[in-house]
>>> print(open('work.txt').read())   # compact mmCIF, C-alpha atoms
# COMPACT_ATOMS: atom_id res chain seq x y z
CA MET A 1 131.71 91.49 126.20
CA THR A 2 128.86 89.61 127.91
CA ALA A 3 129.85 91.47 131.08
CA ALA A 4 127.66 94.08 132.74
CA LEU A 5 127.28 97.45 131.01
CA PRO A 6 126.63 100.85 132.53
CA LEU A 7 122.96 101.84 132.49
CA SER A 8 121.57 105.28 133.22
CA LEU A 9 117.83 105.90 133.18
CA GLU A 10 114.96 107.46 135.07
CA VAL A 11 112.49 105.20 136.85
CA ASN A 12 109.33 106.77 138.28
CA GLY A 13 111.02 110.15 138.26
CA GLU A 14 114.15 109.02 140.07
CA ARG A 15 117.59 108.84 138.46
CA VAL A 16 119.09 105.34 138.41
CA GLU A 17 122.77 104.79 137.63
CA THR A 18 123.73 101.13 137.66
CA GLN A 19 125.16 98.21 135.73
CA VAL A 20 123.21 95.53 133.94
CA LEU A 21 123.97 92.33 132.02
CA PRO A 22 123.00 92.66 128.34
CA ARG A 23 120.67 89.63 128.53
CA THR A 24 118.55 91.12 131.35
CA HIS A 25 115.22 92.29 130.05
CA LEU A 26 113.58 95.40 131.44
CA ALA A 27 110.98 93.47 133.47
CA ASP A 28 113.63 91.44 135.31
CA PHE A 29 115.69 94.58 135.87
CA LEU A 30 112.73 96.41 137.42
CA ARG A 31 111.74 93.47 139.59
CA GLU A 32 115.08 92.10 140.67
CA GLN A 33 117.44 95.07 140.76
CA LEU A 34 114.97 97.80 141.70
CA LYS A 35 112.52 95.54 143.60
CA LEU A 36 109.58 97.08 141.73
CA THR A 37 107.57 93.88 141.71
CA GLY A 38 104.30 95.39 140.51
CA THR A 39 105.49 94.70 136.97
CA HIS A 40 104.52 91.06 136.52
CA ILE A 41 106.05 88.41 134.29
CA GLY A 42 103.66 85.92 132.75
CA CYS A 43 104.68 84.45 129.42
CA GLU A 44 107.98 86.23 128.80
CA HIS A 45 107.44 86.25 125.06
CA GLY A 46 105.10 89.15 124.49
CA VAL A 47 101.73 87.40 124.54
CA CYS A 48 100.16 87.98 127.96
CA GLY A 49 100.81 91.70 128.48
CA ALA A 50 101.33 91.39 132.28
CA CYS A 51 104.70 93.17 132.06
CA THR A 52 103.36 96.37 130.44
CA VAL A 53 105.18 99.54 131.56
CA ARG A 54 105.56 103.03 130.13
CA VAL A 55 108.78 104.02 128.40
CA ASN A 56 109.07 107.68 127.40
CA GLY A 57 105.32 107.95 127.89
CA GLU A 58 104.37 104.99 125.68
CA ILE A 59 103.24 101.55 126.75
CA VAL A 60 105.61 98.67 125.93
CA ARG A 61 106.16 95.04 126.86
CA SER A 62 109.03 95.11 129.35
CA CYS A 63 109.81 91.43 128.66
CA LEU A 64 110.49 92.30 125.00
CA MET A 65 112.90 95.09 125.73
CA LEU A 66 116.41 94.74 127.08
CA ALA A 67 117.11 96.85 130.15
CA ILE A 68 120.12 98.25 128.31
CA GLN A 69 117.78 99.50 125.55
CA ALA A 70 116.19 101.75 128.17
CA ASN A 71 119.46 103.63 128.60
CA GLY A 72 118.62 107.35 128.68
CA ALA A 73 114.88 106.65 128.80
CA SER A 74 112.21 107.50 131.32
CA VAL A 75 110.44 104.38 132.62
CA GLU A 76 107.21 104.44 134.62
CA THR A 77 105.84 101.41 136.43
CA ILE A 78 102.59 100.75 138.26
CA GLU A 79 104.33 101.86 141.48
CA GLY A 80 105.02 105.30 140.03
CA LEU A 81 101.56 105.71 138.51
CA SER A 82 99.95 104.62 141.81
CA ASP A 83 102.05 106.87 144.00
CA ASN A 84 101.55 110.01 141.93
CA GLY A 85 97.77 109.57 141.92
CA GLU A 86 97.55 109.61 138.15
CA ILE A 87 95.34 106.51 138.01
CA ALA A 88 93.59 106.74 141.38
CA ASP A 89 90.14 107.03 139.79
CA LEU A 90 90.78 104.05 137.51
CA GLN A 91 91.97 101.98 140.46
CA ALA A 92 88.84 102.94 142.42
CA ALA A 93 86.63 101.94 139.48
CA PHE A 94 88.39 98.55 139.24
CA ARG A 95 87.76 98.02 142.96
CA GLU A 96 84.12 99.10 142.79
CA ARG A 97 83.32 96.90 139.82
CA ASN A 98 85.26 93.83 140.99
CA ALA A 99 87.44 94.18 137.91
CA LEU A 100 90.11 92.04 139.48
CA GLN A 101 90.08 88.62 141.06
CA CYS A 102 93.59 87.26 141.54
CA GLY A 103 95.05 90.62 140.53
CA PHE A 104 97.97 89.28 138.53
CA CYS A 105 97.00 91.08 135.30
CA THR A 106 95.75 94.22 137.08
CA PRO A 107 98.84 96.48 137.07
CA ALA A 108 99.23 96.05 133.31
CA MET A 109 95.49 96.34 132.71
CA LEU A 110 95.52 99.67 134.57
CA ILE A 111 98.50 101.01 132.61
CA THR A 112 97.04 99.91 129.27
CA ALA A 113 93.58 101.28 130.06
CA HIS A 114 95.10 104.56 131.23
CA ASP A 115 97.01 104.78 127.94
CA LEU A 116 93.74 104.38 126.03
CA LEU A 117 91.93 107.06 128.06
CA ALA A 118 94.82 109.49 127.62
CA ASN A 119 94.49 109.25 123.82
CA ASP A 120 90.76 108.67 123.47
CA PRO A 121 88.57 110.20 126.18
CA GLU A 122 85.40 108.69 124.72
CA PRO A 123 86.11 105.06 123.79
CA ASP A 124 83.18 102.74 123.16
CA ARG A 125 83.30 99.17 124.47
CA ALA A 126 84.74 97.90 121.17
CA ALA A 127 87.59 100.40 121.37
CA ILE A 128 88.28 99.40 124.98
CA ARG A 129 88.35 95.72 124.01
CA GLU A 130 90.63 96.48 121.09
CA HIS A 131 93.11 98.42 123.22
CA LEU A 132 93.13 95.77 125.97
CA SER A 133 93.31 92.90 123.45
CA GLY A 134 96.97 92.31 124.24
CA ASN A 135 96.39 91.82 127.97
CA TYR A 136 95.28 88.43 129.26
CA CYS A 137 93.13 88.01 132.37
CA ARG A 138 93.19 84.31 133.17
CA CYS A 139 90.42 84.77 135.74
CA THR A 140 88.53 85.89 132.58
CA GLY A 141 87.02 88.94 134.27
CA TYR A 142 87.02 90.90 131.04
CA HIS A 143 83.49 92.33 131.21
CA ALA A 144 84.07 93.86 134.64
CA ILE A 145 87.37 95.34 133.43
CA ILE A 146 85.67 96.93 130.43
CA ASP A 147 82.90 98.21 132.73
CA ALA A 148 85.50 99.85 134.97
CA VAL A 149 87.32 101.50 132.08
CA GLU A 150 84.06 102.73 130.58
CA ALA A 151 82.93 104.13 133.95
CA THR A 152 86.26 105.93 134.43
CA ALA A 153 86.05 107.45 130.95
CA LYS A 154 82.58 108.73 131.78
CA SER A 155 83.53 110.19 135.14
CA ARG A 156 86.62 111.89 133.67
CA ARG A 157 84.49 113.50 130.97
CA MET A 158 82.02 114.74 133.59
CA ALA A 159 84.84 116.16 135.68
CA LYS A 160 86.07 118.13 132.65
CA PRO A 161 83.12 120.15 131.33
CA MET B 1 112.40 81.69 129.79
CA LYS B 2 115.34 84.02 129.65
CA ALA B 3 117.64 84.73 126.72
CA ALA B 4 121.04 83.05 126.72
CA ALA B 5 123.98 85.33 127.45
CA PHE B 6 125.22 87.51 124.62
CA ALA B 7 127.47 90.48 124.02
CA TYR B 8 125.82 93.78 123.19
CA THR B 9 126.92 96.71 121.15
CA ARG B 10 125.07 99.86 120.19
CA ALA B 11 125.76 100.80 116.57
CA THR B 12 126.76 104.45 116.24
CA SER B 13 125.96 104.78 112.52
CA VAL B 14 124.73 102.67 109.61
CA ALA B 15 128.34 102.31 108.45
CA ASN B 16 129.33 101.13 111.92
CA ALA B 17 126.46 98.61 112.00
CA VAL B 18 127.44 97.27 108.57
CA ALA B 19 131.09 96.99 109.64
CA LEU B 20 130.04 95.02 112.74
CA LEU B 21 127.91 92.68 110.60
CA ALA B 22 130.79 92.23 108.16
CA ARG B 23 133.07 91.23 111.02
CA HIS B 24 130.66 88.97 112.93
CA GLY B 25 128.35 87.62 110.20
CA GLU B 26 126.01 84.86 111.34
CA ARG B 27 127.18 85.10 114.94
CA ALA B 28 125.50 88.52 115.19
CA LYS B 29 121.85 89.55 115.14
CA VAL B 30 120.49 93.01 114.45
CA LEU B 31 118.15 94.35 117.14
CA SER B 32 115.70 97.05 116.06
CA GLY B 33 112.35 97.00 117.88
CA GLY B 34 112.95 93.49 119.20
CA GLN B 35 109.31 92.44 119.03
CA SER B 36 110.16 89.27 117.07
CA LEU B 37 113.80 88.79 118.05
CA MET B 38 113.27 89.11 121.81
CA PRO B 39 110.56 86.40 122.00
CA ALA B 40 112.75 84.12 119.87
CA MET B 41 115.71 84.76 122.18
CA ASN B 42 113.64 84.35 125.35
CA LEU B 43 112.38 81.02 123.99
CA ARG B 44 116.00 80.11 123.09
CA LEU B 45 115.03 79.56 119.48
CA VAL B 46 117.98 81.79 118.63
CA ALA B 47 121.06 82.49 120.69
CA PRO B 48 123.25 85.05 118.95
CA GLU B 49 126.71 85.72 120.31
CA LEU B 50 126.43 89.42 119.60
CA ILE B 51 123.49 91.81 119.47
CA VAL B 52 123.97 94.85 117.28
CA ASP B 53 121.43 97.39 118.52
CA ILE B 54 120.49 99.82 115.73
CA GLY B 55 117.78 101.47 117.84
CA SER B 56 119.56 104.81 118.12
CA LEU B 57 120.21 105.28 114.38
CA ASP B 58 117.85 108.16 113.75
CA GLU B 59 118.96 108.28 110.10
CA LEU B 60 116.83 105.14 109.57
CA ARG B 61 113.62 106.74 110.81
CA ALA B 62 112.75 109.16 108.01
CA ILE B 63 109.61 108.98 105.88
CA THR B 64 110.14 111.03 102.69
CA THR B 65 108.56 111.43 99.27
CA ARG B 66 110.55 112.39 96.20
CA GLU B 67 110.45 111.63 92.49
CA GLY B 68 107.45 109.39 92.73
CA ILE B 69 108.86 107.24 95.52
CA LEU B 70 107.77 107.04 99.14
CA SER B 71 110.82 106.06 101.16
CA ILE B 72 110.28 104.54 104.60
CA GLY B 73 113.26 104.15 106.93
CA ALA B 74 113.71 100.65 108.32
CA LEU B 75 113.39 101.83 111.93
CA THR B 76 109.95 103.37 111.35
CA ARG B 77 107.77 101.87 114.04
CA GLN B 78 104.43 100.22 113.31
CA ALA B 79 102.78 102.85 115.54
CA ASP B 80 104.32 105.58 113.34
CA LEU B 81 103.04 103.93 110.14
CA GLN B 82 99.59 103.96 111.70
CA THR B 83 99.59 107.69 112.43
CA HIS B 84 101.92 109.29 109.86
CA PRO B 85 99.98 111.51 107.40
CA GLU B 86 102.27 110.62 104.46
CA ILE B 87 101.51 106.92 104.94
CA ALA B 88 97.77 107.56 105.19
CA ALA B 89 97.88 109.66 102.02
CA ARG B 90 100.31 107.64 99.89
CA ALA B 91 100.19 104.05 101.14
CA PRO B 92 96.90 103.60 103.01
CA LEU B 93 97.25 99.83 102.66
CA LEU B 94 100.02 99.96 105.29
CA LYS B 95 97.92 102.01 107.68
CA GLN B 96 95.03 99.59 107.38
CA ALA B 97 97.29 96.56 107.86
CA ILE B 98 98.92 97.91 111.03
CA ALA B 99 95.67 97.68 112.99
CA HIS B 100 95.90 93.89 112.57
CA ILE B 101 99.47 93.62 113.85
CA ALA B 102 99.64 92.50 117.46
CA HIS B 103 98.65 95.13 120.05
CA PRO B 104 99.39 98.80 120.82
CA ALA B 105 102.26 98.05 123.24
CA ILE B 106 103.97 95.92 120.58
CA ARG B 107 103.35 98.40 117.75
CA ASN B 108 105.06 101.06 119.88
CA ARG B 109 108.35 99.21 119.41
CA GLY B 110 108.00 96.92 116.39
CA THR B 111 109.55 98.31 113.20
CA ILE B 112 108.82 97.78 109.51
CA GLY B 113 112.41 96.80 108.78
CA GLY B 114 112.43 94.30 111.62
CA SER B 115 109.19 92.73 110.47
CA LEU B 116 110.45 92.34 106.88
CA ALA B 117 113.86 90.98 107.90
CA HIS B 118 112.21 88.51 110.29
CA ALA B 119 110.05 87.20 107.40
CA ASP B 120 107.34 85.43 109.33
CA PRO B 121 105.10 83.92 106.63
CA ALA B 122 101.98 84.82 108.64
CA ALA B 123 102.99 88.47 109.12
CA GLU B 124 101.15 91.36 107.48
CA LEU B 125 103.91 93.74 106.36
CA PRO B 126 105.79 91.31 104.08
CA ALA B 127 102.58 90.77 102.09
CA CYS B 128 101.90 94.52 101.98
CA VAL B 129 105.29 95.43 100.51
CA ILE B 130 104.82 92.86 97.73
CA ALA B 131 101.31 94.18 97.00
CA LEU B 132 102.78 97.70 96.85
CA ASP B 133 105.52 96.43 94.48
CA ALA B 134 108.07 97.99 96.83
CA THR B 135 111.84 97.78 96.67
CA ILE B 136 113.91 96.85 99.70
CA VAL B 137 117.18 98.71 100.18
CA ALA B 138 119.97 96.76 101.86
CA ARG B 139 123.38 98.09 102.73
CA GLY B 140 126.57 96.05 103.03
CA GLU B 141 130.23 96.97 103.07
CA GLY B 142 130.23 96.98 99.25
CA GLY B 143 127.44 99.55 99.12
CA GLU B 144 123.69 99.49 98.61
CA ARG B 145 121.63 96.83 96.87
CA ARG B 146 117.98 97.08 95.81
CA ILE B 147 115.86 93.96 96.11
CA PRO B 148 112.32 93.72 94.68
CA ALA B 149 110.02 92.91 97.62
CA GLN B 150 108.79 89.88 95.74
CA SER B 151 112.31 88.39 95.77
CA LEU B 152 113.07 89.24 99.40
CA PHE B 153 111.24 86.35 101.04
CA THR B 154 112.79 82.96 100.36
CA GLY B 155 111.24 80.74 103.05
CA ILE B 156 110.05 80.59 106.65
CA TYR B 157 112.06 83.30 108.46
CA GLU B 158 114.39 83.38 105.45
CA THR B 159 115.23 86.29 103.20
CA ALA B 160 117.59 87.19 100.37
CA LEU B 161 119.52 89.41 102.79
CA SER B 162 123.00 88.14 103.64
CA PRO B 163 124.15 88.10 107.28
CA HIS B 164 126.45 90.98 106.32
CA GLU B 165 123.68 93.27 105.10
CA LEU B 166 121.44 95.70 106.93
CA LEU B 167 117.94 96.44 105.67
CA VAL B 168 117.87 100.25 105.65
CA ALA B 169 114.75 101.38 103.78
CA ILE B 170 111.61 100.43 101.90
CA GLU B 171 110.83 102.30 98.68
CA VAL B 172 107.21 102.33 97.58
CA PRO B 173 106.47 103.54 94.05
CA LEU B 174 103.61 106.02 94.15
CA GLY B 175 100.75 104.69 92.06
CA PRO B 176 98.27 106.56 89.93
CA LYS B 177 95.52 108.53 91.60
CA LYS B 178 92.98 105.81 90.93
CA SER B 179 94.80 103.21 92.97
CA ALA B 180 92.74 101.29 95.47
CA HIS B 181 93.59 98.80 98.16
CA PHE B 182 92.08 96.02 100.23
CA PHE B 183 93.21 94.39 103.45
CA GLY B 184 91.46 91.44 105.07
CA GLU B 185 92.52 88.89 107.61
CA PHE B 186 91.09 85.94 109.51
CA ALA B 187 92.63 85.40 112.94
CA ARG B 188 91.45 83.61 116.08
CA ARG B 189 91.63 86.86 118.01
CA ARG B 190 92.42 90.43 117.02
CA GLY B 191 96.19 90.82 117.05
CA ASP B 192 96.97 87.12 116.62
CA PHE B 193 98.88 85.91 113.60
CA ALA B 194 96.69 85.40 110.57
CA ILE B 195 95.11 82.07 109.70
CA VAL B 196 94.86 83.60 106.23
CA GLY B 197 95.21 87.21 105.18
CA LEU B 198 95.10 89.19 101.97
CA ALA B 199 96.80 92.49 101.17
CA ALA B 200 95.95 93.86 97.73
CA GLN B 201 96.80 96.93 95.74
CA ALA B 202 94.91 97.72 92.52
CA VAL B 203 94.23 100.32 89.90
CA VAL B 204 90.54 100.67 89.07
CA GLU B 205 89.61 102.32 85.75
CA ASN B 206 86.20 102.34 84.08
CA GLU B 207 84.91 99.82 86.61
CA ARG B 208 87.68 97.41 85.66
CA LEU B 209 90.86 96.30 87.37
CA ALA B 210 93.63 97.87 85.27
CA ASP B 211 96.16 96.42 87.70
CA PHE B 212 95.67 93.99 90.57
CA ARG B 213 98.24 92.62 93.03
CA PRO B 214 96.58 90.36 95.63
CA VAL B 215 99.10 88.90 98.08
CA PHE B 216 98.07 86.13 100.46
CA PHE B 217 99.85 85.43 103.74
CA GLY B 218 99.67 82.72 106.40
CA ILE B 219 99.18 80.32 103.53
CA GLY B 220 102.64 79.06 102.66
CA ASP B 221 106.30 79.48 103.55
CA ARG B 222 106.23 83.08 102.25
CA PRO B 223 103.66 85.63 101.03
CA ILE B 224 102.14 84.61 97.70
CA LEU B 225 101.22 87.02 94.88
CA ALA B 226 98.28 85.12 93.40
CA ALA B 227 98.88 84.47 89.70
CA SER B 228 95.35 83.10 89.31
CA ALA B 229 93.88 86.57 89.80
CA ALA B 230 95.47 87.82 86.56
CA GLY B 231 92.38 86.64 84.69
CA LEU B 232 90.39 89.44 86.34
CA ILE B 233 92.59 92.23 84.97
CA GLY B 234 91.38 94.47 82.16
CA ARG B 235 87.97 92.92 81.61
CA ALA B 236 84.39 93.36 82.75
CA VAL B 237 84.16 91.35 85.94
CA THR B 238 81.18 89.04 86.36
CA PRO B 239 80.26 86.77 89.28
CA GLU B 240 81.25 83.84 87.04
CA ALA B 241 84.71 85.36 86.44
CA VAL B 242 85.22 85.84 90.19
CA LEU B 243 84.14 82.27 90.84
CA ALA B 244 86.56 81.01 88.18
CA ALA B 245 89.40 83.08 89.68
CA SER B 246 88.68 81.83 93.18
CA GLN B 247 88.62 78.23 91.95
CA ALA B 248 91.94 78.80 90.18
CA LEU B 249 93.26 80.29 93.44
CA GLY B 250 92.22 77.15 95.27
CA ARG B 251 94.32 75.10 92.84
CA GLU B 252 97.24 77.50 93.02
CA LEU B 253 97.52 77.49 96.82
CA ASP B 254 98.80 74.57 98.86
CA PRO B 255 98.27 75.82 102.41
CA PRO B 256 99.79 74.09 105.43
CA GLU B 257 97.86 72.55 108.30
CA ASP B 258 98.60 73.56 111.89
CA GLN B 259 96.82 73.83 115.23
CA THR B 260 94.70 76.80 114.11
CA ALA B 261 93.38 75.52 110.78
CA SER B 262 93.48 72.69 108.26
CA GLY B 263 94.82 73.26 104.76
CA ALA B 264 91.30 72.95 103.34
CA MET B 265 89.96 75.59 105.73
CA ARG B 266 92.77 77.98 104.79
CA ARG B 267 92.08 77.43 101.08
CA HIS B 268 88.37 78.11 101.65
CA LEU B 269 89.06 81.30 103.61
CA ALA B 270 91.52 82.51 100.95
CA LYS B 271 88.83 82.13 98.28
CA ILE B 272 86.40 84.11 100.43
CA LEU B 273 88.96 86.88 100.91
CA LEU B 274 89.60 87.10 97.16
CA THR B 275 85.88 87.40 96.45
CA ARG B 276 85.41 90.06 99.13
CA CYS B 277 88.45 91.92 97.85
CA VAL B 278 87.29 92.11 94.21
CA SER B 279 83.76 93.01 95.28
CA GLU B 280 85.03 95.80 97.52
CA LEU B 281 87.59 97.19 95.07
CA LEU B 282 85.00 97.47 92.32
CA GLY B 283 82.15 98.49 94.65
CA ARG B 284 80.14 95.52 93.39
CA PRO B 285 78.26 93.67 96.18
CA ASP B 286 76.72 91.43 93.48
CA LEU B 287 80.09 89.71 92.96
CA LYS B 288 79.97 88.03 96.36
CA THR B 289 79.17 84.35 96.00
CA GLU B 290 79.96 81.20 97.96
CA GLY B 291 78.96 82.71 101.28
CA ALA B 292 81.53 85.50 101.03
>>> encode(input="work.txt", output="C-alpha cells")
Amino acid sequence: MTAALPLSLEVNGERVETQVLPRTHLADFLREQLKLTGTHIGCEHGVCGACTVRVNGEIVRSCLMLAIQANGASVETIEGLSDNGEIADLQAAFRERNALQCGFCTPAMLITAHDLLANDPEPDRAAIREHLSGNYCRCTGYHAIIDAVEATAKSRRMAKP
Amino acid sequence: MKAAAFAYTRATSVANAVALLARHGERAKVLSGGQSLMPAMNLRLVAPELIVDIGSLDELRAITTREGILSIGALTRQADLQTHPEIAARAPLLKQAIAHIAHPAIRNRGTIGGSLAHADPAAELPACVIALDATIVARGEGGERRIPAQSLFTGIYETALSPHELLVAIEVPLGPKKSAHFFGEFARRRGDFAIVGLAAQAVVENERLADFRPVFFGIGDRPILAASAAGLIGRAVTPEAVLAASQALGRELDPPEDQTASGAMRRHLAKILLTRCVSELLGRPDLKTEGA
C-alpha cells in the first residue's frame, strides 16, 4: 500500500495525470516531478513559508500538504503567476525597491503579498506585516518588501478609479 | 526532512474512517488539515504505517445552531472559523483566538478537530473549547461518545480519545446574551506558539462576574481552567480582590521552563493576563495593578 497512487490535478492551468508516492509532499512533487523549481523548500516543517503555493485559489504551505491531497485540485505556482502576468506589477515593485537580495524567499513573498492585495486593496503597513508574518527573509530585507507591497497596493488603487 | 514511507487511504465516509481506525488502531493516524501532523511526520517524530485522510468528508464541515447548541464540524478550517458569521455572532472568542494561530497559509488548511486531537499544550483552540464549556463528540464503532472539553486533554499531545475513535464535532452551549469574552497571548512573534495565553468566557451582570472561566495555555502539560479565579465570581470586584486572585493564580500554576521563558516569567505573565482580562471584561481600567 506504500506504492505509488494515481494523481490527477491541474497545475498552472495544465492537466497533470501521474502517479505519486503517498509520502511525497506537494513541494517535492512540484519541484522533482514537474521541475517547477520556483517553489522553494526551506524548513520543511511549516515555519519558513518559502514553499507557499496556491491551491484552489488559497495560499498554503506545500511542504505541509501531501501531493496526493491535491488530487482533483487546481495548483498555482510562482511559474504560473509569473507567466500569466498576474503579479507583474508586484514583481516590478520588488525589483525597483530592492525587495530581494538572495531571492530565496521571493517567490513565496510574492504569492503571499498578492493574496493579501486580492483580499484587502488598502492594507496599512501593520496589515502587510501581519499577512507576511509567516514568511521568513533571512537576508532580513523586510522593510523593502513591505515598501514594495505598499507601493503596489497604491498603484493598483490608482489604476482602478 | 521527509516523512517516512506510509500507506495512504482516503476515507469515503465517517463510518468508513471509523472502521479503518478500528482495524488499524495505533498503527494509523488521521489526517485532516495536516498542519500539525505533517511537520511531526517530516521531522520523523511520528511515523504511522497508515494515513487515513478524512479531508474529503464534507459531512464534517457543517456549522449549525439548534436547541441552544452551536455545533462545529471537526473539519472546519481555522480560516472558516475566522470568517463565518455564526462563529462571530455566537462564539466570538474563537474568532478572536484564530488571529493568533500561526499564519494565513496555515489557517487555510488547519482544522479545529485536528488542533484539538493534536492537543498541543501551547495551542489556542484547546483552551478556547474549555473556556466555552464545549463538548467534544467522538465516534467509534460502538457509536458516539460525548466528552466534556475539560476532560479531553490528558497530557502533552495526549487526549481521552482512543486510537479507534474519530473526533467528529465540537458542541458549544450558547450562553446568555450578557456573555463576554477575553483573549490574550504573549508570543515572541505573531503566529508563534504562546509563551502564555489566556482564553476566557464570562457572564457579566450588574458589573459583576456571574460566571467566569479563564483558561490558561502554554503553562503546563494541558490547558488549565484557573480555580483561583473563582473568588472573583458574584462579588464587587476591587483592585485588592484582583491582586489576591492573581497571587492565588501564581500559587496554583507551576509553569515549565524552556528556551522561550523561565517558569517565573510565565507565572508573572499569567498574572498580568488575568488582571487585564478582569479589567477588560468589567470595563474597569482601575483594576489594573502590578504593571498590567
>>> residues_around(input="work.txt", residues="Gly13 of chain A", least_positions_apart="2", cutoff="10 Å", atoms="only C-alpha atoms", output="list in words")
Leu9, Glu10, Val11, Arg15, Val16, Ser74, Val75, Glu76 and Gly80 of chain A
>>> residues_around(input="work.txt", residues="Arg222 of chain B", least_positions_apart="2", cutoff="7 Å", atoms="all atoms listed in the file", output="ChimeraX atom specification")
/B:121,153-156,217,220,224
>>> interface_residues(input="work.txt", of="chain B", to="chain A", cutoff="6 Å", atoms="only C-alpha atoms", output="list in words")
Ala5, Phe6, Ala7, Tyr8, Met38, Pro39, His103 and Ala105 of chain B
>>> residues_around(input="work.txt", residues="segment 199-211 of chain B", least_positions_apart="6", cutoff="8 Å", atoms="all atoms listed in the file", output="ChimeraX atom specification")
/B:93,97,124,127-128,131-132,176,178-184,232-237,277,281-282
>>> closest_residue(input="work.txt", among="A:Ile146, A:Thr37, A:Lys154, A:Leu30", to="Ala99 of chain A", atoms="only C-alpha atoms")
A:Ile146
>>> decode(input="work.txt", residues="segment 145-199 of chain B", atoms="C-alpha atoms", output="short mmCIF file (atom, residue, chain, number, x, y, z; two decimals), in the first residue's frame")
data_model
loop_
_atom_site.label_atom_id
_atom_site.label_comp_id
_atom_site.auth_asym_id
_atom_site.auth_seq_id
_atom_site.Cartn_x
_atom_site.Cartn_y
_atom_site.Cartn_z
CA ARG B 145 -19.45 9.46 22.86
CA ARG B 146 -19.58 12.97 24.32
CA ILE B 147 -16.55 14.19 26.23
CA PRO B 148 -16.54 17.44 28.23
CA ALA B 149 -13.75 19.61 26.76
CA GLN B 150 -12.22 19.87 30.20
CA SER B 151 -11.68 16.09 30.28
CA LEU B 152 -10.37 15.79 26.72
CA PHE B 153 -6.80 16.87 27.35
CA THR B 154 -4.80 14.43 29.45
CA GLY B 155 -1.19 15.47 28.80
CA ILE B 156 1.25 16.79 26.21
CA TYR B 157 -0.21 15.68 22.85
CA GLU B 158 -2.46 13.28 24.77
CA THR B 159 -6.23 13.14 24.83
CA ALA B 160 -9.03 10.95 26.15
CA LEU B 161 -9.74 9.82 22.57
CA SER B 162 -8.89 6.19 21.88
CA PRO B 163 -6.95 5.28 18.72
CA HIS B 164 -10.21 3.79 17.45
CA GLU B 165 -12.21 7.00 17.74
CA LEU B 166 -12.65 9.91 15.37
CA LEU B 167 -13.32 13.40 16.70
CA VAL B 168 -16.33 14.49 14.63
CA ALA B 169 -17.74 17.69 16.15
CA ILE B 170 -17.49 20.35 18.83
CA GLU B 171 -20.70 21.41 20.57
CA VAL B 172 -20.69 24.84 22.18
CA PRO B 173 -23.57 25.67 24.52
CA LEU B 174 -24.94 29.10 23.66
CA GLY B 175 -24.58 31.37 26.65
CA PRO B 176 -26.84 34.13 27.86
CA LYS B 177 -26.90 37.41 25.97
CA LYS B 178 -24.67 39.07 28.53
CA SER B 179 -21.77 36.74 27.94
CA ALA B 180 -18.40 38.35 27.38
CA HIS B 181 -15.02 37.02 26.40
CA PHE B 182 -11.33 37.84 26.56
CA PHE B 183 -8.38 36.50 24.62
CA GLY B 184 -4.78 37.49 25.28
CA GLU B 185 -1.47 35.92 24.41
CA PHE B 186 2.22 36.62 24.79
CA ALA B 187 4.37 35.18 21.99
CA ARG B 188 7.83 36.02 20.67
CA ARG B 189 6.36 36.83 17.28
CA ARG B 190 2.81 36.97 15.96
CA GLY B 191 1.81 33.46 14.96
CA ASP B 192 4.34 31.68 17.18
CA PHE B 193 3.19 29.35 19.91
CA ALA B 194 2.23 31.14 23.09
CA ILE B 195 4.65 31.72 25.94
CA VAL B 196 1.46 32.16 27.97
CA GLY B 197 -2.07 32.75 26.77
CA LEU B 198 -5.49 33.20 28.30
CA ALA B 199 -8.88 32.41 26.79
#
